[in-house]
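Q: Take a look at this one; I'll ask things after.
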Amino acid sequence: MICDHCKKLNASVTIEEISVGKKTELNLCYKCSLEYNMEANAPAVLNHVLKHMFYGLDALDPSKKQQKEETLECKCKTTSAEFRKSGKFGCEKCYETFEKELLDIFKSIQRATEHVGKIPQTNENSIKIAWQIKKLEKEQAKAISLEEYEQAAILRDRIRALKRENEENKEDTNNGMV
Amino acid sequence: MAWYENLKDDSPIISCRLRLARNLRKYPFLFKLDETQAREMIKDVTNAIMEKTNNFEFIDVHKKTTIEKLTLLDYHKISHDLVRSKRPSALISSKDDFIHVMLNEEDHIRIQSIYTGNNIEKAYELANYTDNLIEESIEYAFHETYGYLTSCPSNTGTGMRASYMLHLPMLDSLRGRMEHLTRSLASLGMTVRGLHGEHSSSEGSIFQVSNQITLGRSEEDLLKNLQKTVNQLVKTELEELEKRKNKSSFEDSVYRAYGTLKYVRAIDIREARSLLSKVKIGILAGVLKEEIKTPIYNIMMNVDYGALKVNYLDHIGNFENAEHDEINALRASYIRESL
């Protein structure tokens with residue numbers, strides 16, 4: 001088998017990669033595999049995923065022409081093309097502008113889409129409440145689907161109470177700032 | 001005492017490092033940050049730290065010479081990116097040298113803590129303390145669902161990268177073993193790299209193992225996972241060493257390396273790292289009976305170009321123009337003195 005990358009030497013290493021829910025196999029020669037492995041830190045893996053995502057497996061074949069994709073632009077002037085090339089965002093808002101791509105990236109390189117770790121101390125309370133609300137909303141949806149309406153109503157009231165608490169906290173903070 | 005002054009040759013674990021990536025809500029990310037904003041950002045963070053403690057010092061990396069930057073790189077205080085950066089950039093280091101805060105690297109803030117041996121929890125504790133200190137007066141870019149927002153989505157969430165520096169010559173010498181391990185560790189969300197991060201191969205059998213995933217798991221979970229992986233690698237390395245250390249060929253290769261380094265008159269960086277690696281494993285195996293003055297990994301760091309230049313600047317007046325032969329000779333003399 002010939003190396004998928006240099007197309008010269010015999011492939012001796014197979015790299016399986018799961019991206020965008022699809023399992024792909026890359027057969028590489030010893031030399032190319034070293035480069036691939038050494039570069040297996042975030043940006044290289046990310047670049048690989050980005051290529052797959054936008055151009056499919058054809059991206060690995062330089063002889064095939066790559067198709068054009070729709071272009072988005074964030075407030076900070078970062079465009080889809082720029083992001084695809086560098087794998088870097090220009091500002092906080094980019095996370096919303098490129099959310100669709102972002103979720104695909106998260107699924108393939110992070111294997112998760114939600115943060116569960118540390119929260120900044122300054123808004124720790126409100127974020128913890130927001131997380132709690134999200135959890136209860138999921139439970140509520142499940143209860144409704146199971147036609148457990150009594151349980152769903154209890155959950156609805158708890159969600160309302162938490163939302164109110166968060167609103168009050170926000171007002172307190174704002175008043176404090178004035 | 002700097003972290004590298006406390007190195008030992010008694011385990012495959014050399015050091016551990018923890019890095020937190022953070023950005024300020026107030027400014028665009030690095031790639032869209034103009035020069036004025038970059039300077040203001042540096043000022044904001046510097047003030048946030050300096051106002052609360054006098055345990056830190058400020059280094060304007062932007063104003064340092066290339067050699068000075070390379071030395072900071074050799075001691076793992078700054079990254080390749082910061083050496084190359086043309087933007088205003090800075091380093092805020094704790095006076096005890098355990099915490100380094102890089103400003104304007106890939107993210108506005110990169111808090112980094114390094115310890116020798118198996119001390120990743122301590123490193124996290126210290127980085128986390130510094131993070132809280134900065135956060136008292138600065139608002140971070142934080143998203144309710146995605147966590148800490150970073151310029152590259154591969155760091156989003158915890159923004160945490162924890163890594164171990166390991167010396168694994170036995171595993172490295174088994175054909176295909178490291179590649180195989182690298183592959184299986186990748187499927188567990190871990191990355192294995194060569195000595196100086198992503199830009200060099202694994203000279204001297206020094207590997208860095210770190211968490212690839214930063215989102216969807218807590219900091220504690222990520223650290224536990226990494227430690228488990230490292231313990232397994234260390235165990236396999238030591239088992240392999242146990243199998244080989246009593247063979248006469250092992251002893252021979254250790255003493256040959258020691259003999260060469262002890263009397264060498266000129267040596268390039270690759271050969272130096274490879275021979276030092278053999279001496280290091282000889283010490284760990286208890287095969288090398290000679291008294292060694294300096295921890296081997298310390299010598300490995302100092303034979304690097306930047307560190308060698310700064311430490312031996314007096315020997316060669318104009319180091320910039322020194323020939324390779326002269327540098328190789330200087331490296332050899334440094335090694336002879338250190339062993």
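Going by the structure tokens order, chains are called A, B, ..., each with residues numbered from 1, while ligands are numbered from 1 in the order shown.
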Counting only C-alpha atoms, a student should be able to say which residues of chain B come within 8 Å of chain A; what is the right answer, written as a short mmCIF file (atom, residue, chain, number, x, y, z; two decimals) with all heavy atoms, in the first residue's frame?
A:
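out_13.cif was written with the following content:
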data_model
loop_
_atom_site.label_atom_id
_atom_site.label_comp_id
_atom_site.auth_asym_id
_atom_site.auth_seq_id
_atom_site.Cartn_x
_atom_site.Cartn_y
_atom_site.Cartn_z
N ARG B 25 -12.36 39.87 28.05
CA ARG B 25 -13.61 40.16 27.35
C ARG B 25 -13.51 41.48 26.58
O ARG B 25 -14.07 41.64 25.50
CB ARG B 25 -14.75 40.21 28.37
CG ARG B 25 -16.07 40.63 27.83
CD ARG B 25 -17.21 39.96 28.55
NE ARG B 25 -17.39 38.58 28.12
CZ ARG B 25 -18.14 37.70 28.77
NH1 ARG B 25 -18.72 38.04 29.89
NH2 ARG B 25 -18.28 36.48 28.31
N TYR B 27 -11.14 42.96 24.87
CA TYR B 27 -10.40 43.12 23.61
C TYR B 27 -10.70 41.98 22.62
O TYR B 27 -11.06 40.89 23.02
CB TYR B 27 -8.89 43.10 23.88
CG TYR B 27 -8.42 44.18 24.81
CD1 TYR B 27 -8.11 43.89 26.13
CD2 TYR B 27 -8.27 45.48 24.37
CE1 TYR B 27 -7.66 44.87 27.00
CE2 TYR B 27 -7.83 46.48 25.22
CZ TYR B 27 -7.53 46.17 26.54
OH TYR B 27 -7.10 47.15 27.38
N PRO B 28 -10.50 42.28 21.29
CA PRO B 28 -10.58 41.17 20.33
C PRO B 28 -9.45 40.17 20.61
O PRO B 28 -8.48 40.51 21.29
CB PRO B 28 -10.39 41.83 18.97
CG PRO B 28 -9.91 43.20 19.23
CD PRO B 28 -10.20 43.56 20.64
N PHE B 29 -9.56 38.95 20.08
CA PHE B 29 -8.49 37.97 20.27
C PHE B 29 -7.23 38.43 19.52
O PHE B 29 -7.27 39.32 18.69
CB PHE B 29 -8.92 36.60 19.76
CG PHE B 29 -10.02 35.96 20.58
CD1 PHE B 29 -10.74 34.87 20.08
CD2 PHE B 29 -10.33 36.43 21.84
CE1 PHE B 29 -11.75 34.27 20.82
CE2 PHE B 29 -11.34 35.83 22.61
CZ PHE B 29 -12.06 34.76 22.09
N LEU B 30 -6.16 37.74 19.82
CA LEU B 30 -4.84 38.15 19.34
C LEU B 30 -4.76 38.51 17.85
O LEU B 30 -4.14 39.50 17.49
CB LEU B 30 -3.84 37.02 19.64
CG LEU B 30 -2.40 37.40 19.34
CD1 LEU B 30 -1.84 38.27 20.43
CD2 LEU B 30 -1.56 36.15 19.18
N PHE B 31 -5.42 37.71 16.99
CA PHE B 31 -5.24 37.92 15.55
C PHE B 31 -5.92 39.18 15.04
O PHE B 31 -5.64 39.63 13.94
CB PHE B 31 -5.69 36.68 14.78
CG PHE B 31 -4.88 35.51 15.20
CD1 PHE B 31 -5.32 34.65 16.19
CD2 PHE B 31 -3.62 35.31 14.65
CE1 PHE B 31 -4.54 33.60 16.61
CE2 PHE B 31 -2.83 34.26 15.08
CZ PHE B 31 -3.29 33.41 16.06
N LYS B 32 -6.83 39.72 15.85
CA LYS B 32 -7.50 40.95 15.45
C LYS B 32 -7.16 42.10 16.40
O LYS B 32 -7.85 43.10 16.46
CB LYS B 32 -9.02 40.73 15.43
CG LYS B 32 -9.47 39.71 14.41
CD LYS B 32 -9.32 40.24 12.99
CE LYS B 32 -9.57 39.13 11.98
NZ LYS B 32 -9.27 39.52 10.61
N ASN B 132 -7.07 33.03 39.56
CA ASN B 132 -8.01 33.73 40.45
C ASN B 132 -7.55 35.15 40.77
O ASN B 132 -8.35 36.07 40.86
CB ASN B 132 -8.20 32.95 41.75
CG ASN B 132 -8.94 31.64 41.51
OD1 ASN B 132 -9.59 31.47 40.49
ND2 ASN B 132 -8.81 30.71 42.44
N GLU B 135 -8.27 37.31 37.83
CA GLU B 135 -9.71 37.43 37.63
C GLU B 135 -10.37 38.38 38.63
O GLU B 135 -11.46 38.89 38.36
CB GLU B 135 -10.33 36.03 37.74
CG GLU B 135 -11.66 35.91 37.07
CD GLU B 135 -12.67 35.25 37.97
OE1 GLU B 135 -12.31 34.25 38.64
OE2 GLU B 135 -13.79 35.74 38.01
N GLU B 136 -9.69 38.64 39.74
CA GLU B 136 -10.26 39.59 40.71
C GLU B 136 -10.50 40.96 40.09
O GLU B 136 -11.41 41.67 40.46
CB GLU B 136 -9.31 39.73 41.92
CG GLU B 136 -9.49 38.63 42.94
CD GLU B 136 -8.47 38.74 44.06
OE1 GLU B 136 -8.02 39.88 44.34
OE2 GLU B 136 -8.14 37.69 44.63
N TYR B 140 -12.94 37.89 32.17
CA TYR B 140 -12.51 36.97 31.12
C TYR B 140 -13.62 36.75 30.10
O TYR B 140 -14.81 36.87 30.42
CB TYR B 140 -12.18 35.61 31.72
CG TYR B 140 -10.86 35.51 32.44
CD1 TYR B 140 -10.74 34.73 33.59
CD2 TYR B 140 -9.73 36.16 31.95
CE1 TYR B 140 -9.53 34.60 34.24
CE2 TYR B 140 -8.51 36.03 32.60
CZ TYR B 140 -8.40 35.25 33.75
OH TYR B 140 -7.22 35.12 34.39
N ALA B 141 -13.23 36.35 28.87
CA ALA B 141 -14.19 35.90 27.87
C ALA B 141 -14.63 34.50 28.28
O ALA B 141 -13.85 33.55 28.18
CB ALA B 141 -13.54 35.88 26.49
N PHE B 142 -15.86 34.40 28.78
CA PHE B 142 -16.38 33.12 29.26
C PHE B 142 -17.79 32.93 28.75
O PHE B 142 -18.58 33.86 28.75
CB PHE B 142 -16.36 33.10 30.80
CG PHE B 142 -16.78 31.78 31.39
CD1 PHE B 142 -15.85 30.78 31.63
CD2 PHE B 142 -18.11 31.53 31.71
CE1 PHE B 142 -16.23 29.55 32.16
CE2 PHE B 142 -18.51 30.31 32.24
CZ PHE B 142 -17.56 29.32 32.47
N GLU B 144 -21.36 30.65 28.80
CA GLU B 144 -22.13 29.77 29.69
C GLU B 144 -22.05 28.29 29.27
O GLU B 144 -21.95 27.40 30.09
CB GLU B 144 -23.58 30.23 29.62
CG GLU B 144 -24.38 29.95 30.85
CD GLU B 144 -25.78 30.50 30.66
OE1 GLU B 144 -25.95 31.69 30.91
OE2 GLU B 144 -26.67 29.73 30.24
N THR B 145 -22.10 28.06 27.96
CA THR B 145 -22.07 26.67 27.46
C THR B 145 -20.67 26.19 27.14
O THR B 145 -20.30 25.06 27.44
CB THR B 145 -22.93 26.55 26.18
OG1 THR B 145 -24.18 27.15 26.44
CG2 THR B 145 -23.12 25.10 25.78
N TYR B 146 -19.86 27.06 26.53
CA TYR B 146 -18.55 26.62 26.05
C TYR B 146 -17.40 26.84 27.04
O TYR B 146 -16.29 26.39 26.80
CB TYR B 146 -18.20 27.30 24.72
CG TYR B 146 -19.23 27.12 23.64
CD1 TYR B 146 -19.56 28.16 22.78
CD2 TYR B 146 -19.88 25.89 23.48
CE1 TYR B 146 -20.52 27.99 21.78
CE2 TYR B 146 -20.84 25.72 22.49
CZ TYR B 146 -21.15 26.77 21.65
OH TYR B 146 -22.08 26.59 20.68
N GLY B 147 -17.65 27.56 28.10
CA GLY B 147 -16.59 27.79 29.08
C GLY B 147 -15.65 28.91 28.68
O GLY B 147 -16.06 29.87 28.03
N LEU B 149 -13.34 31.01 26.58
CA LEU B 149 -13.21 31.11 25.13
C LEU B 149 -11.76 31.42 24.76
O LEU B 149 -11.14 32.32 25.31
CB LEU B 149 -14.14 32.21 24.60
CG LEU B 149 -15.63 32.00 24.94
CD1 LEU B 149 -16.46 33.15 24.37
CD2 LEU B 149 -16.15 30.67 24.42
N THR B 150 -11.24 30.64 23.82
CA THR B 150 -9.85 30.80 23.41
C THR B 150 -9.80 31.05 21.92
O THR B 150 -10.77 30.76 21.22
CB THR B 150 -9.06 29.51 23.71
OG1 THR B 150 -9.80 28.40 23.16
CG2 THR B 150 -8.91 29.30 25.20
N SER B 151 -8.68 31.57 21.43
CA SER B 151 -8.66 31.91 20.01
C SER B 151 -8.72 30.66 19.15
O SER B 151 -9.22 30.69 18.04
CB SER B 151 -7.47 32.79 19.67
OG SER B 151 -6.29 32.08 19.75
N CYS B 152 -8.22 29.54 19.66
CA CYS B 152 -8.33 28.29 18.91
C CYS B 152 -9.32 27.36 19.62
O CYS B 152 -9.19 27.12 20.82
CB CYS B 152 -6.96 27.63 18.82
SG CYS B 152 -6.96 26.12 17.89
N PRO B 153 -10.32 26.84 18.88
CA PRO B 153 -11.33 26.01 19.53
C PRO B 153 -10.79 24.70 20.12
O PRO B 153 -11.51 23.99 20.81
CB PRO B 153 -12.35 25.71 18.43
CG PRO B 153 -11.74 26.14 17.16
CD PRO B 153 -10.63 27.07 17.45
N SER B 154 -9.52 24.40 19.86
CA SER B 154 -8.95 23.19 20.45
C SER B 154 -8.60 23.41 21.93
O SER B 154 -8.18 22.48 22.61
CB SER B 154 -7.71 22.77 19.68
OG SER B 154 -6.77 23.80 19.67
N ASN B 155 -8.71 24.65 22.41
CA ASN B 155 -8.42 24.93 23.82
C ASN B 155 -9.65 25.37 24.61
O ASN B 155 -9.57 25.61 25.82
CB ASN B 155 -7.37 26.05 23.94
CG ASN B 155 -6.05 25.66 23.36
OD1 ASN B 155 -5.57 24.55 23.60
ND2 ASN B 155 -5.45 26.53 22.57
N GLY B 157 -13.13 25.72 26.67
CA GLY B 157 -13.65 24.94 27.81
C GLY B 157 -12.84 25.26 29.04
O GLY B 157 -12.97 26.35 29.60
N THR B 158 -11.98 24.34 29.42
CA THR B 158 -11.12 24.60 30.59
C THR B 158 -9.94 25.48 30.20
O THR B 158 -9.36 26.13 31.06
CB THR B 158 -10.54 23.29 31.14
OG1 THR B 158 -9.84 22.64 30.09
CG2 THR B 158 -11.62 22.37 31.66
N GLU B 179 5.14 4.72 18.22
CA GLU B 179 4.09 5.10 17.25
C GLU B 179 2.77 4.47 17.65
O GLU B 179 1.72 5.09 17.60
CB GLU B 179 4.45 4.65 15.82
CG GLU B 179 5.47 5.51 15.15
CD GLU B 179 6.87 4.95 15.33
OE1 GLU B 179 7.07 4.16 16.28
OE2 GLU B 179 7.74 5.27 14.55
N THR B 182 1.46 6.21 20.68
CA THR B 182 0.95 7.54 20.30
C THR B 182 -0.45 7.41 19.73
O THR B 182 -1.34 8.19 20.06
CB THR B 182 1.87 8.18 19.25
OG1 THR B 182 3.18 8.20 19.78
CG2 THR B 182 1.45 9.58 18.92
N ARG B 183 -0.64 6.41 18.90
CA ARG B 183 -1.93 6.20 18.28
C ARG B 183 -3.00 5.83 19.28
O ARG B 183 -4.10 6.38 19.28
CB ARG B 183 -1.82 5.11 17.22
CG ARG B 183 -1.78 5.66 15.83
CD ARG B 183 -1.39 4.60 14.86
NE ARG B 183 -2.29 3.45 14.87
CZ ARG B 183 -1.93 2.22 14.48
NH1 ARG B 183 -0.70 2.00 14.10
NH2 ARG B 183 -2.79 1.24 14.49
N THR B 191 -2.11 13.44 23.78
CA THR B 191 -1.16 13.70 22.70
C THR B 191 0.26 13.39 23.16
O THR B 191 0.62 13.72 24.28
CB THR B 191 -1.22 15.19 22.29
OG1 THR B 191 -2.55 15.51 22.00
CG2 THR B 191 -0.35 15.48 21.10
N VAL B 192 1.05 12.76 22.30
CA VAL B 192 2.46 12.52 22.61
C VAL B 192 3.29 13.29 21.60
O VAL B 192 3.03 13.22 20.40
CB VAL B 192 2.80 11.01 22.50
CG1 VAL B 192 4.25 10.77 22.88
CG2 VAL B 192 1.87 10.20 23.38
N ARG B 193 4.27 14.02 22.10
CA ARG B 193 5.12 14.81 21.20
C ARG B 193 6.59 14.70 21.57
O ARG B 193 6.92 14.25 22.66
CB ARG B 193 4.74 16.29 21.28
CG ARG B 193 3.43 16.62 20.64
CD ARG B 193 3.22 18.09 20.60
NE ARG B 193 2.80 18.59 21.90
CZ ARG B 193 2.60 19.88 22.14
NH1 ARG B 193 2.83 20.76 21.21
NH2 ARG B 193 2.21 20.27 23.32
N GLY B 194 7.45 15.17 20.67
CA GLY B 194 8.89 15.17 20.94
C GLY B 194 9.29 16.28 21.89
O GLY B 194 8.47 17.09 22.29
N GLU B 198 5.89 20.95 19.37
CA GLU B 198 5.50 20.48 18.06
C GLU B 198 6.55 20.64 16.98
O GLU B 198 6.36 20.22 15.88
CB GLU B 198 4.19 21.16 17.64
CG GLU B 198 4.29 22.64 17.47
CD GLU B 198 3.82 23.42 18.68
OE1 GLU B 198 4.34 23.20 19.79
OE2 GLU B 198 2.95 24.27 18.49
N HIS B 199 7.66 21.30 17.32
CA HIS B 199 8.57 21.62 16.22
C HIS B 199 9.85 20.80 16.16
O HIS B 199 10.76 21.12 15.43
CB HIS B 199 8.91 23.11 16.25
CG HIS B 199 7.69 23.95 16.07
ND1 HIS B 199 7.08 24.10 14.85
CD2 HIS B 199 6.92 24.61 16.97
CE1 HIS B 199 6.01 24.85 15.00
NE2 HIS B 199 5.88 25.17 16.27
N SER B 200 9.99 19.79 16.99
CA SER B 200 11.20 18.99 16.85
C SER B 200 10.88 17.53 17.10
O SER B 200 9.88 17.18 17.70
CB SER B 200 12.26 19.46 17.83
OG SER B 200 11.86 19.18 19.14
N SER B 201 11.74 16.67 16.62
CA SER B 201 11.50 15.24 16.83
C SER B 201 11.98 14.88 18.23
O SER B 201 12.49 15.71 18.97
CB SER B 201 12.25 14.44 15.78
OG SER B 201 13.62 14.69 15.91
N GLN B 212 -5.36 16.19 25.11
CA GLN B 212 -5.79 16.82 23.86
C GLN B 212 -7.14 17.52 24.07
O GLN B 212 -7.40 18.59 23.57
CB GLN B 212 -5.91 15.73 22.79
CG GLN B 212 -6.59 16.14 21.52
CD GLN B 212 -5.65 16.88 20.61
OE1 GLN B 212 -4.63 16.34 20.19
NE2 GLN B 212 -5.96 18.11 20.33
N ILE B 213 -7.98 16.85 24.88
CA ILE B 213 -9.33 17.35 25.10
C ILE B 213 -9.35 18.43 26.19
O ILE B 213 -8.66 18.29 27.21
CB ILE B 213 -10.24 16.17 25.50
CG1 ILE B 213 -10.46 15.29 24.27
CG2 ILE B 213 -11.58 16.63 26.08
CD1 ILE B 213 -11.13 13.98 24.57
N THR B 214 -10.11 19.50 25.97
CA THR B 214 -10.20 20.54 26.99
C THR B 214 -11.65 20.86 27.36
O THR B 214 -11.91 21.66 28.25
CB THR B 214 -9.54 21.86 26.50
OG1 THR B 214 -10.17 22.23 25.27
CG2 THR B 214 -8.06 21.71 26.27
N LEU B 215 -12.59 20.24 26.64
CA LEU B 215 -14.00 20.57 26.81
C LEU B 215 -14.79 19.34 27.25
O LEU B 215 -14.49 18.22 26.83
CB LEU B 215 -14.56 21.08 25.47
CG LEU B 215 -16.00 21.59 25.42
CD1 LEU B 215 -16.15 22.89 26.19
CD2 LEU B 215 -16.43 21.80 23.98
N GLY B 216 -15.79 19.57 28.11
CA GLY B 216 -16.68 18.46 28.46
C GLY B 216 -16.19 17.62 29.64
O GLY B 216 -16.83 16.66 30.02
N ARG B 217 -15.03 17.96 30.18
CA ARG B 217 -14.54 17.28 31.38
C ARG B 217 -13.99 18.32 32.33
O ARG B 217 -13.48 19.35 31.91
CB ARG B 217 -13.41 16.30 31.04
CG ARG B 217 -13.83 15.30 30.02
CD ARG B 217 -13.16 13.97 30.20
NE ARG B 217 -13.33 13.21 28.99
CZ ARG B 217 -12.41 12.41 28.49
NH1 ARG B 217 -11.26 12.26 29.11
NH2 ARG B 217 -12.64 11.75 27.38
N SER B 218 -14.06 18.00 33.61
CA SER B 218 -13.56 18.96 34.58
C SER B 218 -12.04 18.90 34.63
O SER B 218 -11.43 17.92 34.19
CB SER B 218 -14.13 18.65 35.96
OG SER B 218 -13.57 17.44 36.42
N GLU B 219 -11.43 19.94 35.17
CA GLU B 219 -9.98 19.99 35.30
C GLU B 219 -9.47 18.77 36.07
O GLU B 219 -8.48 18.15 35.68
CB GLU B 219 -9.54 21.27 36.03
CG GLU B 219 -9.66 22.56 35.22
CD GLU B 219 -11.07 23.13 35.17
OE1 GLU B 219 -12.01 22.49 35.71
OE2 GLU B 219 -11.25 24.21 34.58
#
Q: Write down as a VMD selection string the residues of stretch 97-175 of chain A whose backbone DSSP state falls under alpha helix (DSSP H).
A: chain A and resid 97 99 to 105 124 to 145 149 to 175
Q: Distance atom CA of B:Glu125-atom CA of B:Leu24, one decimal place?
A: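 So the answer is 21.5 Å.
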Q: If you count only C-alpha atoms, which residues fall within 8 Å of stretch 88-98 of chain B, apart from same-chain ones fewer than 6 positions away, as an MDAnalysis selection string?
A: chainID B and resid 1:3 35 38:39 42 46 55:62 78 82 104:105 113:115
Q: How many Å lie between atom CA of B:Leu171 and atom CA of B:Ile269, rounded to one decimal?
A: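 Taking atom CA of B:Leu171 as the start and atom CA of B:Ile269 as the end point, the length is 21.9 Å.
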Q: Can you pull out every residue within 8 Å of stretch 238-243 of chain B, counting only C-alpha atoms, but drop anything in the same chain fewer than 4 positions away, and send it as a PyMOL selection string?
A: chain B and resi 170-171+234+285
Q: Can you tell me, as a tab-separated table (two decimals) with N, CA, C and O atoms, in the first residue's frame, what residues are no more than 10 Å from B:Asn6 when counting only C-alpha atoms, ignoring any on the same chain fewer than 6 positions away?
A:
chain	number	residue	atom	x	y	z
B	15	SER	N	9.56	16.28	34.42
B	15	SER	CA	8.85	17.44	34.96
B	15	SER	C	7.40	17.42	34.50
B	15	SER	O	7.03	16.63	33.63
B	115	TYR	N	6.82	22.12	37.39
B	115	TYR	CA	7.43	21.46	38.55
B	115	TYR	C	8.27	20.28	38.09
B	115	TYR	O	7.98	19.68	37.06
B	116	THR	N	9.28	19.92	38.86
B	116	THR	CA	10.00	18.69	38.55
B	116	THR	C	9.22	17.51	39.13
B	116	THR	O	8.42	17.68	40.05
B	117	GLY	N	9.46	16.33	38.56
B	117	GLY	CA	8.84	15.11	39.08
B	117	GLY	C	7.34	15.07	38.87
B	117	GLY	O	6.79	15.78	38.03
B	295	PRO	N	22.40	16.96	37.37
B	295	PRO	CA	21.31	16.13	36.82
B	295	PRO	C	21.38	16.14	35.29
B	295	PRO	O	21.60	17.19	34.68
B	298	ASN	N	19.27	18.51	33.21
B	298	ASN	CA	19.79	19.87	33.31
B	298	ASN	C	20.88	20.10	32.25
B	298	ASN	O	20.90	21.13	31.57
Q: Nearest residue to B:Tyr75 out of B:Gln232, B:Arg110, B:Met300, B:Leu261, using only C-alpha atoms?
A: B:Met300
Q: Atom CA of B:Asp172 and atom CA of B:Lys228, how far apart in Å?
A: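 Distance between the two atoms: 19.7 Å.
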